[in-house]
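Written out below as structure tokens is the structure these notes cover.
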Amino acid sequence: MRFPSLLLKANMSGKISNPDSINGQTGKGNAGLTCYLGHIVSPISESEYADIRDGALIVDQAGVIVAACPKSDIEKNISEYKRVIDYGKRLILPGFVDTHSHLPQIPFTGRSGKTLLGWLDTYAFPAEASFSNTTHAEKVARWYFDELARNGTTCAVVFTTIHKDACDIAFQTALAKGSRVIMGKVMMDANSPQSLLEDTSKSLAESEELCQLWHGADNGRLLYAFTPRFAITSSEKLLAGCGQVWERNHGTYLHTHLAETQDEVAFVAKQFPKSRSYLDVYKEHGLIGTNSVLAHAIYLDDQDLSVLQATNSALSHCPSSNFFLKSGTFLFRKVQKAQIKFGLGCDVAGGPEVSMFDVMKNAAFMQKDEWISPTELFYYATLGGARAINLDNRIGNLKPGREADFIVVDPSCRTGVPKDILEHKTDEILSSMIYLGDDRFVVASYVRGRQIHTTEKQVLAGVTT
Ligand code: GUN
Ligand code: ZN
């Protein structure tokens, strides 16, 4: 059947947006398609979203979106669909994209009282050392991916630990559980506790072996990131070697931390005295460019901003962590104005929660003199994040041709939110979702059309075949 074209609804500015329809046409029958009914909200830019109340999201057997349109467009033929899942007035949104997180740190979320370098020594390093035990690694990996799915995070950029087997287990678990990841083995060969100190050549060789095993697995759902922890725990040899393996493994990622605290920046200045700035340490070793994801990036100067923009590098802004570890304030408007790509990250356990609702809220709270609108926060947690990691041709919104990574959200389930919130204006629904949201709001999560989490048995029972 044909899906007629659709004018996207107005956003908060009240203007009718570009008639760049999010409809598509199959030209095929509907027999293999699944139809999800609900209130579709799909980001377009920092200031605009497509808004279809009583919408229908049509997904094919490969998990690709065929159309997002008003239900009235397909109602006549609804009986032809393989399955119809009716989420009523609840929101259907792109899944959250978390651009920076640590799988092995989930067992100790919520431990504060120290700034970064003390916190690493006290909590993170001992917790990560225990991943030499593969039984522990398996248990935590399952816990972590369940937690992501429960919180509506369908794609995450993830640190594991230095342990090759534990990283392999993390990939196997993501493969089985259905999350989309960009992930890698951590590399550490300097200034580290003995239990986490690697031989440089072995670290590089094991990373490349894992990359060859996992990069591109399941049609590109699993991607590899070379992951030097940060400059402090890296020798020059490791950084240079990392630049080389990253370059020769095309399409892979480079994921690390950058300029998160002043103490860290001072340490790096002593460790690499010839470099003009912390960013320059990475630049000099070939670690920035397209598919480089640099977490935090708080202490940057104007020259650093120009280099980041010119090299198409991406930042991950982690406000919950920056609050929790008292690290500092991300230059949100300055980075935006410099046209540097960035997404949001939970940075668990530097941030105390996996929840991207919490991260969006804290991104707004953190800026003292700036208002960041719900539309903008929603954009950075979805399409903005996908753009930062160069996956916006696959995920981040609900256009035809994108893979069906989406979540179903119901803000009315919580006390303190009006019971009739789903009847309100979309801007108000998004605002309640961001400022009051948590895992209770997430009714279901899907990656490439596969349900990876649901709280609602009756929804599944309501499936018509
Ligand atoms: N810098 C180096 N390692 C880490 C880490 O595990 N968490 C955070 N927040 N920053 C880091
Ligand atoms: Zn981190």
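Labeling convention for the structure tokens: chains A, B, ... as they appear, residues from 1 per chain, ligands from 1 in order of appearance.
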Please identify which residues in range 184-258 of chain A DSSP calls alpha helix (DSSP H) from the backbone, and express them as a ChimeraX atom specification.
/A:200-214,217-220,236-248
List the neighbours of Val64 in chain A out to 6 Å using only C-alpha atoms; skip same-chain residues closer than 2 positions along the sequence, and give me the result as a list in words.
Val59, Asp60, Ala62, Gly401, Arg402, Glu403 and Ala404 of chain A
Contacts of range 340-357 of chain A at 6 Å (only C-alpha atoms; same-chain gap of 2+ positions) as an NGL selection string
:A and (98-102 or 105 or 109-110 or 151 or 309 or 314-318 or 320-321 or 335 or 338 or 359-360 or 380-381 or 384-385 or 388 or 434 or 437-438)
Compile the contact shell of Thr34 in chain A as number ranges by chain: residues with an atom at most 8 Å away, counting only C-alpha atoms, same-chain residues fewer than 5 positions apart removed.
A: 58-61, 81-85
File dump, residues just selected, all heavy atoms, as an mmCIF file, in the first residue's frame:
```cif
data_model
loop_
_atom_site.group_PDB
_atom_site.id
_atom_site.type_symbol
_atom_site.label_atom_id
_atom_site.label_comp_id
_atom_site.auth_asym_id
_atom_site.auth_seq_id
_atom_site.Cartn_x
_atom_site.Cartn_y
_atom_site.Cartn_z
ATOM 1 N N ILE A 58 5.627 1.728 11.227
ATOM 2 C CA ILE A 58 5.586 0.454 10.497
ATOM 3 C C ILE A 58 7.018 -0.049 10.328
ATOM 4 O O ILE A 58 7.872 0.677 9.819
ATOM 5 C CB ILE A 58 4.947 0.632 9.089
ATOM 6 C CG1 ILE A 58 3.677 1.495 9.148
ATOM 7 C CG2 ILE A 58 4.697 -0.713 8.450
ATOM 8 C CD1 ILE A 58 2.521 0.895 9.855
ATOM 9 N N VAL A 59 7.229 -1.291 10.742
ATOM 10 C CA VAL A 59 8.583 -1.860 10.761
ATOM 11 C C VAL A 59 8.585 -3.182 9.992
ATOM 12 O O VAL A 59 7.689 -4.010 10.183
ATOM 13 C CB VAL A 59 9.040 -2.093 12.227
ATOM 14 C CG1 VAL A 59 10.416 -2.734 12.275
ATOM 15 C CG2 VAL A 59 9.036 -0.774 13.006
ATOM 16 N N ASP A 60 9.583 -3.367 9.144
ATOM 17 C CA ASP A 60 9.606 -4.613 8.363
ATOM 18 C C ASP A 60 10.322 -5.739 9.117
ATOM 19 O O ASP A 60 10.799 -5.547 10.239
ATOM 20 C CB ASP A 60 10.181 -4.380 6.952
ATOM 21 C CG ASP A 60 11.691 -4.150 6.958
ATOM 22 O OD1 ASP A 60 12.355 -4.406 7.986
ATOM 23 O OD2 ASP A 60 12.213 -3.714 5.906
ATOM 24 N N GLN A 61 10.397 -6.895 8.473
ATOM 25 C CA GLN A 61 10.936 -8.086 9.155
ATOM 26 C C GLN A 61 12.412 -7.965 9.489
ATOM 27 O O GLN A 61 12.895 -8.596 10.415
ATOM 28 C CB GLN A 61 10.702 -9.333 8.295
ATOM 29 C CG GLN A 61 9.323 -9.902 8.529
ATOM 30 C CD GLN A 61 8.943 -10.948 7.508
ATOM 31 O OE1 GLN A 61 9.246 -10.804 6.310
ATOM 32 N NE2 GLN A 61 8.284 -11.996 7.953
ATOM 33 N N TYR A 81 -1.656 -6.404 8.518
ATOM 34 C CA TYR A 81 -0.328 -6.442 9.152
ATOM 35 C C TYR A 81 -0.111 -7.740 9.913
ATOM 36 O O TYR A 81 -1.048 -8.313 10.475
ATOM 37 C CB TYR A 81 -0.141 -5.232 10.088
ATOM 38 C CG TYR A 81 0.015 -3.965 9.299
ATOM 39 C CD1 TYR A 81 -1.093 -3.192 8.970
ATOM 40 C CD2 TYR A 81 1.261 -3.577 8.826
ATOM 41 C CE1 TYR A 81 -0.962 -2.058 8.205
ATOM 42 C CE2 TYR A 81 1.404 -2.439 8.059
ATOM 43 C CZ TYR A 81 0.294 -1.686 7.748
ATOM 44 O OH TYR A 81 0.425 -0.562 6.977
ATOM 45 N N LYS A 82 1.153 -8.145 9.928
ATOM 46 C CA LYS A 82 1.511 -9.366 10.634
ATOM 47 C C LYS A 82 1.164 -9.213 12.121
ATOM 48 O O LYS A 82 0.601 -10.109 12.736
ATOM 49 C CB LYS A 82 3.012 -9.606 10.455
ATOM 50 C CG LYS A 82 3.527 -10.864 11.100
ATOM 51 C CD LYS A 82 5.022 -11.006 10.754
ATOM 52 C CE LYS A 82 5.734 -11.798 11.833
ATOM 53 N NZ LYS A 82 7.085 -11.290 12.046
ATOM 54 N N ARG A 83 1.533 -8.067 12.679
ATOM 55 C CA ARG A 83 1.229 -7.806 14.089
ATOM 56 C C ARG A 83 0.892 -6.332 14.250
ATOM 57 O O ARG A 83 1.475 -5.481 13.585
ATOM 58 C CB ARG A 83 2.442 -8.100 14.978
ATOM 59 C CG ARG A 83 2.901 -9.527 14.932
ATOM 60 C CD ARG A 83 3.909 -9.820 16.015
ATOM 61 N NE ARG A 83 5.003 -8.861 16.020
ATOM 62 C CZ ARG A 83 5.828 -8.675 17.041
ATOM 63 N NH1 ARG A 83 5.677 -9.359 18.153
ATOM 64 N NH2 ARG A 83 6.813 -7.809 16.962
ATOM 65 N N VAL A 84 -0.056 -6.076 15.136
ATOM 66 C CA VAL A 84 -0.347 -4.682 15.498
ATOM 67 C C VAL A 84 -0.196 -4.577 17.011
ATOM 68 O O VAL A 84 -0.813 -5.326 17.757
ATOM 69 C CB VAL A 84 -1.782 -4.283 15.087
ATOM 70 C CG1 VAL A 84 -2.081 -2.852 15.548
ATOM 71 C CG2 VAL A 84 -1.961 -4.409 13.572
ATOM 72 N N ILE A 85 0.670 -3.678 17.442
ATOM 73 C CA ILE A 85 0.872 -3.492 18.881
ATOM 74 C C ILE A 85 0.416 -2.079 19.219
ATOM 75 O O ILE A 85 0.969 -1.100 18.702
ATOM 76 C CB ILE A 85 2.351 -3.716 19.271
ATOM 77 C CG1 ILE A 85 2.757 -5.130 18.831
ATOM 78 C CG2 ILE A 85 2.548 -3.533 20.766
ATOM 79 C CD1 ILE A 85 4.142 -5.551 19.222
#
```
For ligand 1, return the neighbouring residues as a PyMOL selection string (distance at most 9 Å; only C-alpha atoms and all ligand atoms).
chain A and resi 101-102+105+116-117+119-120+124-125+159+229-233+256-261+264+295-296+318+321-322+325+327+347-351
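Atom pair CA of Gln212 in chain A / CA of Gly95 in chain A has a distance of 27.5 Å (rounded to one decimal).
With only C-alpha atoms and all ligand atoms as the basis for measurement, A:His255 is the residue among A:His255, A:His424, A:Lys270, A:Arg450 that approaches ligand 2 most closely.
The shortest atom-to-atom distance to ligand 2, with only C-alpha atoms and all ligand atoms taken into account, belongs to A:Leu103 out of A:Pro411, A:Tyr87, A:Ile40, A:Leu103.
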DSSP strand (DSSP E) residues within range 276-339 of chain A, as JSON, numbers by chain:
{"A": [292, 293, 294, 295, 296, 314, 315, 316, 317]}
Could those selected residues go to a file with N, CA and C atoms, as an mmCIF file, in the first residue's frame?
```cif
data_model
loop_
_atom_site.group_PDB
_atom_site.id
_atom_site.type_symbol
_atom_site.label_atom_id
_atom_site.label_comp_id
_atom_site.auth_asym_id
_atom_site.auth_seq_id
_atom_site.Cartn_x
_atom_site.Cartn_y
_atom_site.Cartn_z
ATOM 1 N N SER A 292 36.233 9.670 16.560
ATOM 2 C CA SER A 292 36.913 9.810 17.850
ATOM 3 C C SER A 292 35.892 10.398 18.826
ATOM 4 N N VAL A 293 35.683 9.725 19.959
ATOM 5 C CA VAL A 293 34.682 10.170 20.943
ATOM 6 C C VAL A 293 35.410 10.469 22.254
ATOM 7 N N LEU A 294 35.392 11.743 22.643
ATOM 8 C CA LEU A 294 36.182 12.217 23.775
ATOM 9 C C LEU A 294 35.235 12.636 24.901
ATOM 10 N N ALA A 295 35.324 11.911 26.017
ATOM 11 C CA ALA A 295 34.360 12.155 27.094
ATOM 12 C C ALA A 295 34.788 13.314 27.982
ATOM 13 N N HIS A 296 33.813 14.103 28.366
ATOM 14 C CA HIS A 296 33.912 15.234 29.311
ATOM 15 C C HIS A 296 34.372 16.522 28.630
ATOM 16 N N ALA A 314 34.279 14.120 18.064
ATOM 17 C CA ALA A 314 33.030 14.280 18.827
ATOM 18 C C ALA A 314 33.313 14.296 20.322
ATOM 19 N N LEU A 315 32.470 15.016 21.041
ATOM 20 C CA LEU A 315 32.566 15.037 22.500
ATOM 21 C C LEU A 315 31.365 14.318 23.097
ATOM 22 N N SER A 316 31.589 13.773 24.283
ATOM 23 C CA SER A 316 30.461 13.240 25.057
ATOM 24 C C SER A 316 30.342 14.077 26.322
ATOM 25 N N HIS A 317 29.226 14.740 26.449
ATOM 26 C CA HIS A 317 28.962 15.586 27.627
ATOM 27 C C HIS A 317 28.276 14.714 28.691
#
```
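Counting only C-alpha atoms and all ligand atoms and comparing A:Pro319, A:Gln262, A:Asp280, A:Ala205, the residue that lies closest to ligand 2 is A:Pro319.
Remark: for ligand 2, the closest of the candidate residues A:Gln172, A:Asn191, A:Thr227, A:Gln336 is A:Thr227 (distances computed over only C-alpha atoms and all ligand atoms).
Of the residues listed (A:Thr160, A:Thr122, A:Ser42, A:Asn390), A:Thr122 shows the shortest atom-to-atom separation from Pro193 in chain A; distances use only C-alpha atoms.
Distances here use only C-alpha atoms and all ligand atoms; by that measure, the residue among A:Leu398, A:Ala310, A:Asp301, A:Thr161 closest to ligand 2 is A:Thr161.
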May I have the residues within 9 Å of range 137-150 of chain A as a ChimeraX atom specification, using only C-alpha atoms and disregarding those fewer than 5 positions away in the same chain?
/A:103-107,130-132,155-156,165-167,169-171,173-174,177-179,354-355,439-440,442-446,452-455
